[in-house]
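A.B. asks: Before I ask anything, here is the structure I am working with.
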Amino acid sequence: MVFPIERSRRLRRDSVTRSMVRENKVTMDDLILPLFVRSGVNLRNEIKSMPGCYHLSPDELRREVAECVELGVKSFILFGLPDEKDEVGSEAYAENGIVQQALAGLREEIGHSASLIADVCLCEYTDHGHCGVLVEDRGIVTVSNDPTLELLGRSAVSLAQAGADIIAPSDMMDGRIGRIREMLDANKFEDRPIMSYAVKYASAFYGPFRDAAESAPQKGDRATYQMDPANSREAIREALQDVDEGADIIMVKPALPYLDIIRQCRDTLLCPIAAYNVSGEYSMIKAGAAKGWIDGDRVGRETLLSIKRAGADLILTYFAKDAATWVKQGLL
Ligand code: PBG
């Protein structure tokens with residue numbers, strides 16, 4: 001059928017008609033808000049490169065989470081900034097680690113009205129800023145894979161003990177999902193899902209996060225463990241491996257520059273797919289809006305919608321609190 005019989009504009013005549021034929025929708029069920037916790041009292045410091053995001057002390061975090069739940073946010077992922085860092089990231093698996101402490105307080109505050117996800121990685125906790133332990137091999141310093149798995153497993157178990165509902169490993173070591181699953185099960189946490197950062201690229205879009213989490217590598221980069229941005233077949237291989245090892249949810253990260261990868265994962269896998277709308281994606285929008293060059297709220301909504309349309313079931317996004325307001329206003 002061609003014009004004049006077919007007229008696409010008929011279904012765009014008014015907003016009710018448009019909403020009747022709308023194919024994709026972002027809801028609060030889809031969104032996960034990342035939050036940063038560090039020790040202290042009454043601490044609420046805005047992160048310079050991420051307007052609207054804060055370093056929060058545990059008491060402020062409780063207030064923030066309670067407010068977000070009230071607004072409609074249903075899920076949070078926590079990142080910790082420890083007081084002390086060392087070679088092996090001890091604070092990542094310390095019983096009284098900062099995220100472990102925060103989890104206990106949050107559970108008391110909100111009960112089971114929202115899901116508390118714990119990121120598992122060593123980079124915020126090591127003094128060298130890498131996601132695993134370092135070894136020297138023939139004069140070259142590298143991140144040592146297998147010894148790191150034990151530490152990640154310990155971190156996962158300790159976060160589960162502290163009450164994390166979902167464990168989210170972001171380190172990109174080989175075999176970590178299998179090892180973490182084993183260690184969780186051995187400690188009677190067979191009921192805790194793993195959301196794997198399975199497809200995580202070595203991306204410059206993490207820049208503002210590394211300021212926020214104080215986790216930039218002191219030397220070198222993450223290219224020996226995170227994926228090459230040029231690769232897409234490898235993404236599917238990584239995802240399938242993690243599903244085999246026991247991942248319950250597969251994440252693609254970053255989101256916007258990798259919408260094609262999200263779509264391929266959605267079409268290939270049967271498990272839920274999450275996408276991380278990362279710090280750089282957020283900061284660019286905030287910066288453009290602050291300059292008055294774009295409408296930040298509209299671009300934010302379009303961003304979330306595009307990630308959903310690409311096939312993500314879940315979106316980790318610093319816009320989640322804003323989105324709760326947008327949903328209330330009927331804008332999302
Ligand atoms: C830690 C981790 C990173 C992010 C989430 N977990 C940074 C990195 O790998 O350097 C990035 C999140 C963001 O940019 O918003 N491994």
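Here's how to read the names in the structure tokens: chain A, B, ... by the order shown, residue numbers from 1 in each chain, ligand numbers from 1 in the order shown.
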Taking only residues of chain A that have an atom at most 7 Å from an atom of ligand 1, what is each one's shortest atom pair and its distance in Å to one decimal, using only C-alpha atoms and all ligand atoms, in chain and number order, as JSON lines?

C.D. replies:
```
{"residue": "A:Asp119", "atom": "CA", "partner": "ligand 1", "partner_atom_place_in_ligand_line": "6 (N)", "distance": 6.9}
{"residue": "A:Cys121", "atom": "CA", "partner": "ligand 1", "partner_atom_place_in_ligand_line": "16 (N)", "distance": 5.5}
{"residue": "A:Cys123", "atom": "CA", "partner": "ligand 1", "partner_atom_place_in_ligand_line": "16 (N)", "distance": 5.9}
{"residue": "A:Cys131", "atom": "CA", "partner": "ligand 1", "partner_atom_place_in_ligand_line": "16 (N)", "distance": 6.2}
{"residue": "A:Ser170", "atom": "CA", "partner": "ligand 1", "partner_atom_place_in_ligand_line": "16 (N)", "distance": 4.8}
{"residue": "A:Asp171", "atom": "CA", "partner": "ligand 1", "partner_atom_place_in_ligand_line": "16 (N)", "distance": 5.1}
{"residue": "A:Phe205", "atom": "CA", "partner": "ligand 1", "partner_atom_place_in_ligand_line": "14 (O)", "distance": 6.1}
{"residue": "A:Tyr206", "atom": "CA", "partner": "ligand 1", "partner_atom_place_in_ligand_line": "14 (O)", "distance": 3.4}
{"residue": "A:Gly207", "atom": "CA", "partner": "ligand 1", "partner_atom_place_in_ligand_line": "14 (O)", "distance": 6.4}
{"residue": "A:Pro208", "atom": "CA", "partner": "ligand 1", "partner_atom_place_in_ligand_line": "14 (O)", "distance": 6.4}
{"residue": "A:Phe209", "atom": "CA", "partner": "ligand 1", "partner_atom_place_in_ligand_line": "14 (O)", "distance": 4.4}
{"residue": "A:Arg210", "atom": "CA", "partner": "ligand 1", "partner_atom_place_in_ligand_line": "10 (O)", "distance": 6.0}
{"residue": "A:Ser215", "atom": "CA", "partner": "ligand 1", "partner_atom_place_in_ligand_line": "10 (O)", "distance": 6.8}
{"residue": "A:Ala216", "atom": "CA", "partner": "ligand 1", "partner_atom_place_in_ligand_line": "10 (O)", "distance": 6.5}
{"residue": "A:Asn277", "atom": "CA", "partner": "ligand 1", "partner_atom_place_in_ligand_line": "15 (O)", "distance": 6.8}
{"residue": "A:Val278", "atom": "CA", "partner": "ligand 1", "partner_atom_place_in_ligand_line": "15 (O)", "distance": 3.5}
{"residue": "A:Ser279", "atom": "CA", "partner": "ligand 1", "partner_atom_place_in_ligand_line": "15 (O)", "distance": 3.5}
{"residue": "A:Gly280", "atom": "CA", "partner": "ligand 1", "partner_atom_place_in_ligand_line": "14 (O)", "distance": 6.1}
```

A.B. asks: Can you list, as a list of chain:residue names, every protein, DNA or RNA residue that comes within 9 Å of region 74-77 of chain A when you count only C-alpha atoms, leaving out same-chain residues fewer than 6 positions away?

C.D. replies: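 The contact residues come out as A:Met28, A:Asp29, A:Asp30, A:Leu31, A:Ile32, A:Leu33, A:Pro34, A:Leu35, A:Phe36, A:Val65, A:Cys68, A:Ser113, A:Ala114, A:Ser115, A:Leu116, A:Ile117, A:Ala118, A:Asp119, A:Ile166, A:Ala168, A:Leu316.
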
A.B. asks: Print the selection's residues with all heavy atoms to a file, as a compact mmCIF listing (two decimals), in the first residue's frame.

C.D. replies:
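So part_39.txt came out as:
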```txt
# COMPACT_ATOMS: atom_id res chain seq x y z
N MET A 28 9.22 2.08 35.90
CA MET A 28 10.12 2.05 37.07
C MET A 28 10.57 0.63 37.39
O MET A 28 11.57 0.45 38.07
CB MET A 28 9.46 2.72 38.28
CG MET A 28 9.32 4.23 38.15
SD MET A 28 10.82 5.08 37.54
CE MET A 28 11.92 4.86 38.92
N ASP A 29 9.85 -0.39 36.90
CA ASP A 29 10.31 -1.77 37.10
C ASP A 29 11.64 -2.03 36.41
O ASP A 29 12.36 -2.97 36.76
CB ASP A 29 9.29 -2.77 36.51
CG ASP A 29 8.00 -2.78 37.29
OD1 ASP A 29 8.05 -2.49 38.50
OD2 ASP A 29 6.95 -3.07 36.69
N ASP A 30 11.95 -1.21 35.41
CA ASP A 30 13.14 -1.46 34.58
C ASP A 30 14.41 -0.81 35.12
O ASP A 30 15.49 -1.12 34.64
CB ASP A 30 12.93 -0.86 33.17
CG ASP A 30 11.62 -1.27 32.54
OD1 ASP A 30 11.18 -2.40 32.81
OD2 ASP A 30 11.05 -0.46 31.79
N LEU A 31 14.28 0.12 36.06
CA LEU A 31 15.42 1.00 36.35
C LEU A 31 16.13 0.71 37.67
O LEU A 31 15.49 0.41 38.69
CB LEU A 31 14.95 2.46 36.33
CG LEU A 31 14.29 2.92 35.02
CD1 LEU A 31 13.93 4.39 35.09
CD2 LEU A 31 15.16 2.64 33.80
N ILE A 32 17.44 0.81 37.63
CA ILE A 32 18.30 0.57 38.80
C ILE A 32 19.16 1.81 39.00
O ILE A 32 19.84 2.27 38.07
CB ILE A 32 19.21 -0.66 38.54
CG1 ILE A 32 18.35 -1.91 38.28
CG2 ILE A 32 20.18 -0.87 39.70
CD1 ILE A 32 19.14 -3.10 37.72
N LEU A 33 19.13 2.37 40.22
CA LEU A 33 19.89 3.60 40.51
C LEU A 33 21.22 3.27 41.19
O LEU A 33 21.24 2.68 42.27
CB LEU A 33 19.06 4.51 41.42
CG LEU A 33 19.74 5.81 41.86
CD1 LEU A 33 20.00 6.75 40.69
CD2 LEU A 33 18.91 6.53 42.92
N PRO A 34 22.36 3.67 40.58
CA PRO A 34 23.65 3.50 41.24
C PRO A 34 23.86 4.57 42.31
O PRO A 34 23.55 5.74 42.08
CB PRO A 34 24.68 3.70 40.10
CG PRO A 34 23.88 3.68 38.82
CD PRO A 34 22.51 4.17 39.19
N LEU A 35 24.40 4.18 43.46
CA LEU A 35 24.68 5.13 44.55
C LEU A 35 26.07 4.87 45.12
O LEU A 35 26.54 3.73 45.12
CB LEU A 35 23.63 4.99 45.65
CG LEU A 35 22.20 5.43 45.30
CD1 LEU A 35 21.24 5.03 46.41
CD2 LEU A 35 22.13 6.94 45.04
N PHE A 36 26.71 5.93 45.60
CA PHE A 36 28.08 5.85 46.12
C PHE A 36 28.08 6.11 47.61
O PHE A 36 27.59 7.15 48.05
CB PHE A 36 28.97 6.89 45.43
CG PHE A 36 29.02 6.71 43.93
CD1 PHE A 36 28.18 7.42 43.09
CD2 PHE A 36 29.91 5.80 43.36
CE1 PHE A 36 28.22 7.25 41.71
CE2 PHE A 36 29.96 5.62 41.99
CZ PHE A 36 29.11 6.34 41.16
N VAL A 65 17.83 6.72 49.93
CA VAL A 65 17.15 5.53 49.43
C VAL A 65 15.66 5.57 49.83
O VAL A 65 14.78 5.27 49.03
CB VAL A 65 17.86 4.25 49.93
CG1 VAL A 65 16.99 3.03 49.74
CG2 VAL A 65 19.19 4.08 49.19
N CYS A 68 13.94 7.90 47.53
CA CYS A 68 13.81 7.35 46.18
C CYS A 68 12.74 6.26 46.13
O CYS A 68 11.97 6.18 45.16
CB CYS A 68 15.15 6.77 45.71
SG CYS A 68 16.37 8.02 45.29
N SER A 113 11.16 -3.62 50.38
CA SER A 113 10.36 -2.85 49.41
C SER A 113 11.16 -2.49 48.17
O SER A 113 10.62 -1.98 47.20
CB SER A 113 9.82 -1.58 50.08
OG SER A 113 10.89 -0.77 50.51
N ALA A 114 12.47 -2.71 48.18
CA ALA A 114 13.29 -2.46 46.99
C ALA A 114 14.44 -3.46 46.99
O ALA A 114 14.77 -4.04 48.02
CB ALA A 114 13.83 -1.03 47.00
N SER A 115 15.02 -3.64 45.81
CA SER A 115 16.12 -4.59 45.67
C SER A 115 17.45 -3.88 45.87
O SER A 115 17.68 -2.80 45.31
CB SER A 115 16.03 -5.21 44.27
OG SER A 115 17.14 -6.04 44.06
N LEU A 116 18.33 -4.49 46.67
CA LEU A 116 19.65 -3.91 46.92
C LEU A 116 20.69 -4.77 46.22
O LEU A 116 20.89 -5.93 46.58
CB LEU A 116 19.93 -3.85 48.42
CG LEU A 116 18.91 -3.03 49.24
CD1 LEU A 116 19.19 -3.15 50.73
CD2 LEU A 116 18.94 -1.55 48.81
N ILE A 117 21.33 -4.19 45.22
CA ILE A 117 22.31 -4.93 44.43
C ILE A 117 23.70 -4.49 44.88
O ILE A 117 23.93 -3.31 45.12
CB ILE A 117 22.12 -4.61 42.92
CG1 ILE A 117 20.67 -4.94 42.51
CG2 ILE A 117 23.12 -5.39 42.07
CD1 ILE A 117 20.33 -4.56 41.09
N ALA A 118 24.61 -5.45 45.00
CA ALA A 118 25.98 -5.11 45.38
C ALA A 118 26.90 -5.34 44.19
O ALA A 118 26.96 -6.44 43.65
CB ALA A 118 26.42 -5.95 46.57
N ASP A 119 27.60 -4.28 43.78
CA ASP A 119 28.64 -4.42 42.77
C ASP A 119 29.81 -5.16 43.43
O ASP A 119 30.15 -4.89 44.57
CB ASP A 119 29.10 -3.02 42.32
CG ASP A 119 30.17 -3.08 41.25
OD1 ASP A 119 29.80 -3.15 40.07
OD2 ASP A 119 31.37 -3.06 41.59
N ILE A 166 21.09 -9.12 45.17
CA ILE A 166 21.66 -9.55 43.90
C ILE A 166 23.15 -9.21 43.92
O ILE A 166 23.54 -8.16 44.43
CB ILE A 166 20.97 -8.85 42.70
CG1 ILE A 166 19.48 -9.19 42.66
CG2 ILE A 166 21.65 -9.21 41.37
CD1 ILE A 166 18.70 -8.53 41.53
N ALA A 168 26.54 -8.48 41.73
CA ALA A 168 26.84 -8.01 40.37
C ALA A 168 28.35 -7.84 40.15
O ALA A 168 28.91 -6.78 40.41
CB ALA A 168 26.11 -6.68 40.12
N LEU A 316 20.57 0.23 34.20
CA LEU A 316 21.23 0.88 35.34
C LEU A 316 21.49 2.30 34.90
O LEU A 316 22.17 2.52 33.88
CB LEU A 316 22.54 0.18 35.68
CG LEU A 316 22.42 -1.27 36.15
CD1 LEU A 316 22.52 -2.22 34.97
CD2 LEU A 316 23.47 -1.59 37.19
```

A.B. asks: List every residue of region 81-247 of chain A that DSSP, applied to the backbone of this structure, places in strand (DSSP E or B), and write the result as number ranges by chain.

C.D. replies: A: 81, 86, 115-120, 126, 133-137, 140-144, 166-169, 194-201, 227

A.B. asks: Store the residues picked out above, limited to C-alpha atoms, as a compact mmCIF listing (two decimals), in the first residue's frame.

C.D. replies:
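Okay, this is what ended up in part.txt:
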```
# COMPACT_ATOMS: atom_id res chain seq x y z
CA LEU A 81 34.66 4.17 48.71
CA ASP A 86 45.72 -1.88 49.85
CA SER A 115 16.12 -4.59 45.67
CA LEU A 116 19.65 -3.91 46.92
CA ILE A 117 22.31 -4.93 44.43
CA ALA A 118 25.98 -5.11 45.38
CA ASP A 119 28.64 -4.42 42.77
CA VAL A 120 31.55 -6.84 43.21
CA THR A 126 43.02 -1.65 45.63
CA VAL A 133 45.63 -8.55 42.19
CA LEU A 134 48.88 -7.74 40.39
CA VAL A 135 51.77 -10.08 39.59
CA GLU A 136 54.97 -9.52 37.73
CA ASP A 137 55.45 -11.87 34.81
CA ILE A 140 55.53 -7.03 32.95
CA VAL A 141 53.03 -6.25 35.70
CA THR A 142 49.65 -7.85 34.95
CA VAL A 143 46.38 -8.56 36.71
CA SER A 144 46.50 -12.15 37.87
CA ILE A 166 21.66 -9.55 43.90
CA ILE A 167 25.41 -9.91 43.34
CA ALA A 168 26.84 -8.01 40.37
CA PRO A 169 30.47 -8.80 39.47
CA ILE A 194 24.09 -13.06 39.86
CA MET A 195 23.83 -10.14 37.48
CA SER A 196 27.03 -10.43 35.45
CA TYR A 197 28.73 -7.49 33.81
CA ALA A 198 29.40 -10.07 31.10
CA VAL A 199 29.90 -7.72 28.18
CA LYS A 200 31.96 -4.87 29.53
CA TYR A 201 34.03 -2.83 27.14
CA MET A 227 36.60 -5.96 25.95
```

A.B. asks: Choose the residue, out of A:Pro147, A:Gly246, A:Gly52, A:Pro58, that has the smallest atom-to-atom separation from Ala320 (chain A); count only C-alpha atoms.

C.D. replies: A:Gly52

A.B. asks: Pick out the closest residue to Ser155 (chain A) from this set: A:Ala94, A:Arg107, A:Arg222, A:Arg179. Count only C-alpha atoms.

C.D. replies: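 Using only C-alpha atoms, the shortest distance to Ser155 (chain A) belongs to A:Ala94.
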
A.B. asks: Could you tell me how far CA of Ala213 (chain A) sits from CA of Phe79 (chain A), in Å to one decimal place?

C.D. replies: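 It comes out at 7.3 Å.
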